[in-house]
Each structure stands twice: as C-alpha cells, then as structure tokens.
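Novice: Data: data_22.tsv, TSV, C-alpha atoms.
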```
chain	number	residue	atom	x	y	z
B	1	MET	CA	-73.06	4.10	-41.74
B	2	PRO	CA	-71.87	0.49	-41.99
B	3	GLN	CA	-70.13	-1.03	-38.96
B	4	PHE	CA	-67.43	-2.54	-41.17
B	5	ALA	CA	-65.68	-0.24	-43.63
B	6	THR	CA	-64.27	-2.89	-45.99
B	7	ASN	CA	-67.03	-5.49	-45.62
B	8	SER	CA	-70.16	-3.33	-45.76
B	9	HIS	CA	-72.23	-6.51	-46.24
B	10	ARG	CA	-71.17	-7.75	-42.79
B	11	LEU	CA	-73.69	-7.29	-39.98
B	12	ASP	CA	-72.39	-9.72	-37.37
B	13	PRO	CA	-69.72	-8.70	-34.83
B	14	TYR	CA	-66.62	-10.85	-34.41
B	15	LYS	CA	-66.78	-13.97	-32.27
B	16	ASN	CA	-64.89	-14.15	-28.98
B	17	PHE	CA	-63.34	-17.59	-29.54
B	18	LYS	CA	-61.02	-16.67	-32.42
B	19	PHE	CA	-58.02	-15.01	-30.78
B	20	ARG	CA	-54.30	-15.50	-30.25
B	21	VAL	CA	-51.87	-14.20	-27.63
B	22	LYS	CA	-48.14	-13.82	-28.38
B	23	TRP	CA	-45.01	-12.68	-26.59
B	24	ASP	CA	-41.39	-13.03	-27.62
B	25	GLY	CA	-42.70	-13.72	-31.15
B	26	ARG	CA	-44.30	-16.97	-30.00
B	27	ALA	CA	-48.01	-17.84	-29.72
B	28	VAL	CA	-49.21	-19.19	-26.37
B	29	ALA	CA	-49.83	-22.92	-26.68
B	30	GLY	CA	-53.15	-24.41	-25.57
B	31	LEU	CA	-54.70	-21.05	-24.70
B	32	SER	CA	-58.41	-21.44	-24.04
B	33	LYS	CA	-59.53	-18.29	-22.23
B	34	MET	CA	-58.51	-14.69	-21.57
B	35	SER	CA	-60.19	-12.18	-19.26
B	36	ALA	CA	-61.36	-8.81	-20.58
B	37	LEU	CA	-58.95	-6.07	-21.66
B	38	LYS	CA	-60.10	-3.11	-19.59
B	39	ARG	CA	-59.05	0.32	-18.33
B	40	THR	CA	-60.80	2.38	-15.70
B	41	THR	CA	-60.50	6.09	-14.98
B	42	GLU	CA	-61.32	7.20	-11.45
B	43	VAL	CA	-63.83	9.99	-10.99
B	44	ILE	CA	-62.89	13.03	-8.91
B	45	GLU	CA	-65.93	14.79	-7.54
B	46	TRP	CA	-65.74	18.41	-6.34
B	47	ARG	CA	-68.02	21.24	-5.50
B	48	GLU	CA	-67.28	24.93	-5.56
B	49	ALA	CA	-67.70	26.62	-2.17
B	50	GLY	CA	-70.57	29.08	-2.28
B	51	GLY	CA	-71.52	27.87	-5.74
B	52	PRO	CA	-74.60	25.98	-6.87
B	53	SER	CA	-75.31	22.60	-5.26
B	54	ILE	CA	-73.92	20.76	-8.25
B	55	VAL	CA	-71.23	18.13	-7.94
B	56	ARG	CA	-68.77	18.43	-10.77
B	57	LYS	CA	-66.82	15.46	-12.05
B	58	LEU	CA	-63.29	15.31	-13.42
B	59	PRO	CA	-61.20	12.43	-14.70
B	60	GLY	CA	-58.62	11.17	-12.22
B	61	ARG	CA	-56.06	8.36	-12.33
B	62	THR	CA	-56.41	5.69	-14.99
B	63	LYS	CA	-55.58	2.10	-14.19
B	64	PHE	CA	-55.33	-0.89	-16.44
B	65	GLU	CA	-56.94	-4.03	-15.10
B	66	PRO	CA	-54.82	-7.19	-15.09
B	67	ILE	CA	-55.71	-9.92	-17.55
B	68	THR	CA	-55.76	-13.61	-16.79
B	69	LEU	CA	-54.79	-16.22	-19.36
B	70	GLU	CA	-55.96	-19.81	-19.04
B	71	ALA	CA	-54.40	-22.67	-20.97
B	72	GLY	CA	-54.73	-26.41	-20.96
B	73	LEU	CA	-51.93	-28.19	-19.11
B	74	THR	CA	-49.26	-29.33	-21.59
B	75	HIS	CA	-45.49	-29.79	-21.63
B	76	ASP	CA	-45.08	-26.19	-22.85
B	77	THR	CA	-43.18	-24.24	-20.16
B	78	GLN	CA	-43.88	-20.73	-21.50
B	79	PHE	CA	-46.06	-19.64	-18.53
B	80	MET	CA	-43.60	-20.94	-15.94
B	81	GLU	CA	-40.55	-19.48	-17.70
B	82	TRP	CA	-42.07	-15.99	-17.66
B	83	ALA	CA	-43.30	-16.32	-14.06
B	84	ASP	CA	-39.78	-17.40	-13.01
B	85	GLN	CA	-38.31	-14.20	-14.50
B	86	VAL	CA	-40.37	-12.18	-11.99
B	87	ASN	CA	-40.00	-14.41	-8.94
B	88	HIS	CA	-37.39	-17.10	-9.46
B	89	PRO	CA	-37.41	-20.25	-7.29
B	90	GLN	CA	-33.61	-19.91	-6.88
B	91	GLY	CA	-33.93	-16.46	-5.31
B	92	ASP	CA	-33.84	-12.79	-6.27
B	93	ALA	CA	-30.43	-12.97	-7.93
B	94	ALA	CA	-31.83	-15.41	-10.52
B	95	MET	CA	-34.73	-13.15	-11.60
B	96	SER	CA	-34.38	-11.28	-14.89
B	97	LEU	CA	-34.58	-7.51	-14.46
B	98	LYS	CA	-34.09	-7.17	-18.21
B	99	ASN	CA	-36.72	-9.67	-19.42
B	100	TYR	CA	-39.49	-9.85	-16.83
B	101	ARG	CA	-41.53	-7.15	-18.62
B	102	LYS	CA	-42.75	-8.00	-22.10
B	103	GLU	CA	-44.80	-6.60	-24.94
B	104	VAL	CA	-47.82	-8.87	-25.42
B	105	LEU	CA	-49.84	-8.97	-28.62
B	106	ILE	CA	-53.50	-10.02	-28.57
B	107	SER	CA	-55.01	-10.59	-31.99
B	108	VAL	CA	-58.65	-11.15	-32.93
B	109	HIS	CA	-59.46	-13.27	-35.99
B	110	ASN	CA	-62.52	-13.70	-38.17
B	111	LEU	CA	-64.07	-17.11	-38.82
B	112	GLN	CA	-61.74	-17.63	-41.79
B	113	GLY	CA	-58.76	-17.18	-39.46
B	114	ALA	CA	-57.65	-13.80	-40.85
B	115	GLU	CA	-56.40	-11.29	-38.30
B	116	VAL	CA	-58.90	-8.42	-38.06
B	117	MET	CA	-57.47	-6.38	-35.16
B	118	ALA	CA	-54.76	-6.53	-32.54
B	119	PHE	CA	-53.91	-4.91	-29.22
B	120	LYS	CA	-50.46	-4.41	-27.73
B	121	LEU	CA	-50.04	-4.63	-23.96
B	122	LYS	CA	-47.27	-2.34	-22.69
B	123	ARG	CA	-44.70	-3.44	-20.11
B	124	ALA	CA	-46.64	-6.52	-19.00
B	125	TRP	CA	-45.35	-8.75	-16.20
B	126	VAL	CA	-46.59	-11.80	-14.29
B	127	SER	CA	-48.17	-11.13	-10.91
B	128	GLU	CA	-49.72	-14.56	-10.39
B	129	PHE	CA	-49.04	-18.04	-11.75
B	130	GLN	CA	-51.01	-21.21	-11.09
B	131	ALA	CA	-49.00	-24.25	-12.19
B	132	LEU	CA	-51.73	-26.80	-11.47
B	133	PRO	CA	-55.47	-26.50	-10.93
B	134	GLU	CA	-57.37	-28.24	-8.20
B	135	MET	CA	-57.29	-31.90	-9.16
B	136	ASP	CA	-60.39	-34.10	-8.91
B	137	ALA	CA	-60.43	-37.77	-9.87
B	138	ASN	CA	-64.23	-37.62	-10.27
B	139	ALA	CA	-64.22	-34.64	-12.64
B	140	ASN	CA	-64.44	-34.76	-16.41
B	141	ALA	CA	-62.45	-31.61	-17.26
B	142	VAL	CA	-59.25	-30.31	-18.77
B	143	ALA	CA	-56.48	-29.33	-16.35
B	144	ILE	CA	-56.00	-25.54	-16.64
B	145	VAL	CA	-52.95	-23.43	-15.76
B	146	THR	CA	-53.32	-19.68	-15.30
B	147	LEU	CA	-51.15	-16.61	-15.66
B	148	LYS	CA	-52.18	-13.18	-14.39
B	149	LEU	CA	-50.56	-10.24	-16.19
B	150	GLU	CA	-50.23	-6.68	-14.94
B	151	MET	CA	-49.59	-3.96	-17.52
B	152	GLU	CA	-49.02	-0.24	-17.87
B	153	GLY	CA	-51.35	0.29	-20.78
B	154	PHE	CA	-52.56	-1.06	-24.08
B	155	GLU	CA	-53.14	0.30	-27.53
B	156	ARG	CA	-54.81	-0.93	-30.67
B	157	ASP	CA	-52.41	-1.83	-33.45
B	158	GLY	CA	-53.24	0.65	-36.23
B	159	ASP	CA	-51.30	-1.37	-38.80
B	160	ILE	CA	-53.94	-4.11	-38.83
B	161	GLN	CA	-56.62	-3.30	-41.40
B	162	GLU	CA	-59.97	-4.99	-41.87
B	163	PRO	CA	-59.41	-7.80	-44.39
B	164	ALA	CA	-61.79	-8.24	-47.33
B	165	GLU	CA	-64.07	-11.23	-46.73
B	166	SER	CA	-65.27	-13.42	-49.56
```
Would you mind writing the file out in structure tokens?
Specialist:
Amino acid sequence: MPQFATNSHRLDPYKNFKFRVKWDGRAVAGLSKMSALKRTTEVIEWREAGGPSIVRKLPGRTKFEPITLEAGLTHDTQFMEWADQVNHPQGDAAMSLKNYRKEVLISVHNLQGAEVMAFKLKRAWVSEFQALPEMDANANAVAIVTLKLEMEGFERDGDIQEPAES
C-alpha cells in the first residue's frame, strides 16, 4: 500500500523545515524552530491477588507535552502580547481572562509550499516567555526569543487533504 494516497509516486516523507504556526489568524513572524507535538498516556500496573504472577497494564491519565516556539528577534510583538495576557506586567487586573487561551494552528507544507496537513492545539496558553536570549559579543548567531505553550489537547485537521504534486 502506498504511503501517500494521492501521490502514489512519492516515496519521501515530508521535510521538517516547511511549517507555519498561526494564532488569531496571523502567522508567527520569524519562526525558526518548534519542539515536538507529543502526548503521553501514563501506564497503570496492577496484579490480581491470588492470580498468576502477571502484571497487567491499563491506560491512565493522558497529558499533552508543552511545545516551545523559537523565533528570531524582530520588532514583531506577537510573543510578548500573548505572554502579557497570561501574566501582565501591570498586575493581575490587566491580564485577559477572555483571550489568554488560544487555538493554535500548526501546518506542514511540502517543498512546493502547499499545505499537506495541519494540527489544531486546543486551549493553548503561554507558560514561559523569553524576551531576549543570552547575549554574547563574540558569537556569530541570531538572537532567539522563545515561547512555551501549554495545551489541553491537539487534533489533526481532517479538512486538509493531500494535494496533488506535479
């Protein structure tokens, strides 16, 4: 069975450098890296008293790992604006209880730039924000800002279909 339904000629998996992250209908500017999208289900082990010496395993709680976004330092204030909605520098009264959780869309693209799949993060919010990296006058690197997002789940967007590749 071919790995790609529409493009049965395709053998290569998608590359990890063609992606886009959006929230509030706006793509994140200067995004260079994103950590893995991952969920983990705990294992509950139990053994029946008087039964065979076999440990049985059941699924327990499922948790969704936070993701970290890294972007080059620019004048775009999107990371800081969202972080301020969770923990505002002017105090608790200034935080946004209505807007601090967001739906985040992560889309994967093929080499031609066509969207091939997307994932929606549910009820994401900022748990960590790094406004400036460690600075080093002797380094030859891009200044990176980071945003750590917590979420309550993710799902694949079923509306995105594999595009035909020419």
Novice: Using all atoms listed in the file, can you tell me which of B:Ser96, B:Leu73, B:Trp82, B:Met117 comes closest to Met135 (chain B)?
Specialist: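 Using all atoms listed in the file, the shortest distance to Met135 (chain B) belongs to B:Leu73.
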Novice: If you count all atoms listed in the file, which residues fall within 9 Å of region 55-60 of chain B, apart from same-chain ones fewer than 5 positions away, as a PyMOL selection string?
Specialist: chain B and resi 41-48
Novice: Quote the spacing between CA of Met151 (chain B) and CA of Ser32 (chain B) in Å to one decimal place.
Specialist: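 Atom-to-atom, CA of Met151 (chain B) to CA of Ser32 (chain B), that is 20.6 Å.
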Novice: Check the smallest atom-to-atom distance from each of B:Gly91, B:Gly72, B:Pro163, B:Gly158 to Gln130 (chain B) using all atoms listed in the file, then report the winner.
Specialist: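 Closest to Gln130 (chain B), using all atoms listed in the file: B:Gly72.
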Novice: Contacts of Ala131 (chain B) at 8 Å or less, counting all atoms listed in the file, minus same-chain residues fewer than 4 places along, as an NGL selection string?
Specialist: :B and (80 or 145-146)
Novice: With distances taken over all atoms listed in the file, which residue among B:Lys18, B:Arg156, B:Lys63, B:Lys102 lies nearest Leu31 (chain B)?
Specialist: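 Of all the options, B:Lys18 lies closest to Leu31 (chain B).
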Novice: Select from region 31-106 of chain B every residue with an atom at most 12 Å from any atom of region 21-26 of chain B, then for each give the shortest pair of atoms and their distance in Å to one decimal, using all atoms listed in the file, rows by chain and rising number, as a Markdown table.
Specialist:
```
| residue | atom | partner | partner_atom | distance |
| --- | --- | --- | --- | --- |
| B:Leu31 | CA | B:Val21 | CA | 8.0 |
| B:Ser32 | CA | B:Val21 | CA | 10.4 |
| B:Lys33 | CA | B:Val21 | CA | 10.2 |
| B:Met34 | CA | B:Val21 | CA | 9.0 |
| B:Ser35 | CA | B:Val21 | CA | 12.0 |
| B:Ile67 | CA | B:Val21 | CA | 11.6 |
| B:Thr68 | CA | B:Val21 | CA | 11.5 |
| B:Leu69 | CA | B:Val21 | CA | 9.0 |
| B:Glu70 | CA | B:Val21 | CA | 11.0 |
| B:Ala71 | CA | B:Val21 | CA | 11.1 |
| B:Asp76 | CA | B:Arg26 | CA | 11.7 |
| B:Gln78 | CA | B:Arg26 | CA | 9.3 |
| B:Phe79 | CA | B:Trp23 | CA | 10.7 |
| B:Glu81 | CA | B:Asp24 | CA | 11.9 |
| B:Trp82 | CA | B:Trp23 | CA | 10.0 |
| B:Asn99 | CA | B:Asp24 | CA | 10.0 |
| B:Tyr100 | CA | B:Asp24 | CA | 11.4 |
| B:Arg101 | CA | B:Trp23 | CA | 10.3 |
| B:Lys102 | CA | B:Trp23 | CA | 6.9 |
| B:Glu103 | CA | B:Trp23 | CA | 6.3 |
| B:Val104 | CA | B:Trp23 | CA | 4.9 |
| B:Leu105 | CA | B:Lys22 | CA | 5.1 |
| B:Ile106 | CA | B:Val21 | CA | 4.6 |
```
Novice: Taking every listed atom of region 85-91 of chain B and adding 4 Å to each side, what centre and edge lengths in Å (one decimal) does the axis-aligned box have, as lines of an AutoDock Vina configuration file?
Specialist:
```
center_x = -37.0
center_y = -16.2
center_z = -9.9
size_x = 14.8
size_y = 16.1
size_z = 17.2
```
Novice: Show me as a count of residues only the residues that reach within 8 Å of (-50.1, -4.2, -23.5), counting all atoms listed in the file and using the file's own coordinates.
Specialist: 14
Novice: Between CA of Val108 (chain B) and CA of Phe17 (chain B), what distance in Å does the model show, to one decimal?
Specialist: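 Calculated distance between CA of Val108 (chain B) and CA of Phe17 (chain B) is 8.7 Å.
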Novice: One number please: CA of Thr62 (chain B) to CA of Glu128 (chain B), in Å, one decimal.
Specialist: 21.8 Å
Novice: Tell me which of B:Glu150, B:Glu165, B:Ala141, B:Ser127 sits closest to Arg39 (chain B), counting only C-alpha atoms.
Specialist: B:Glu150
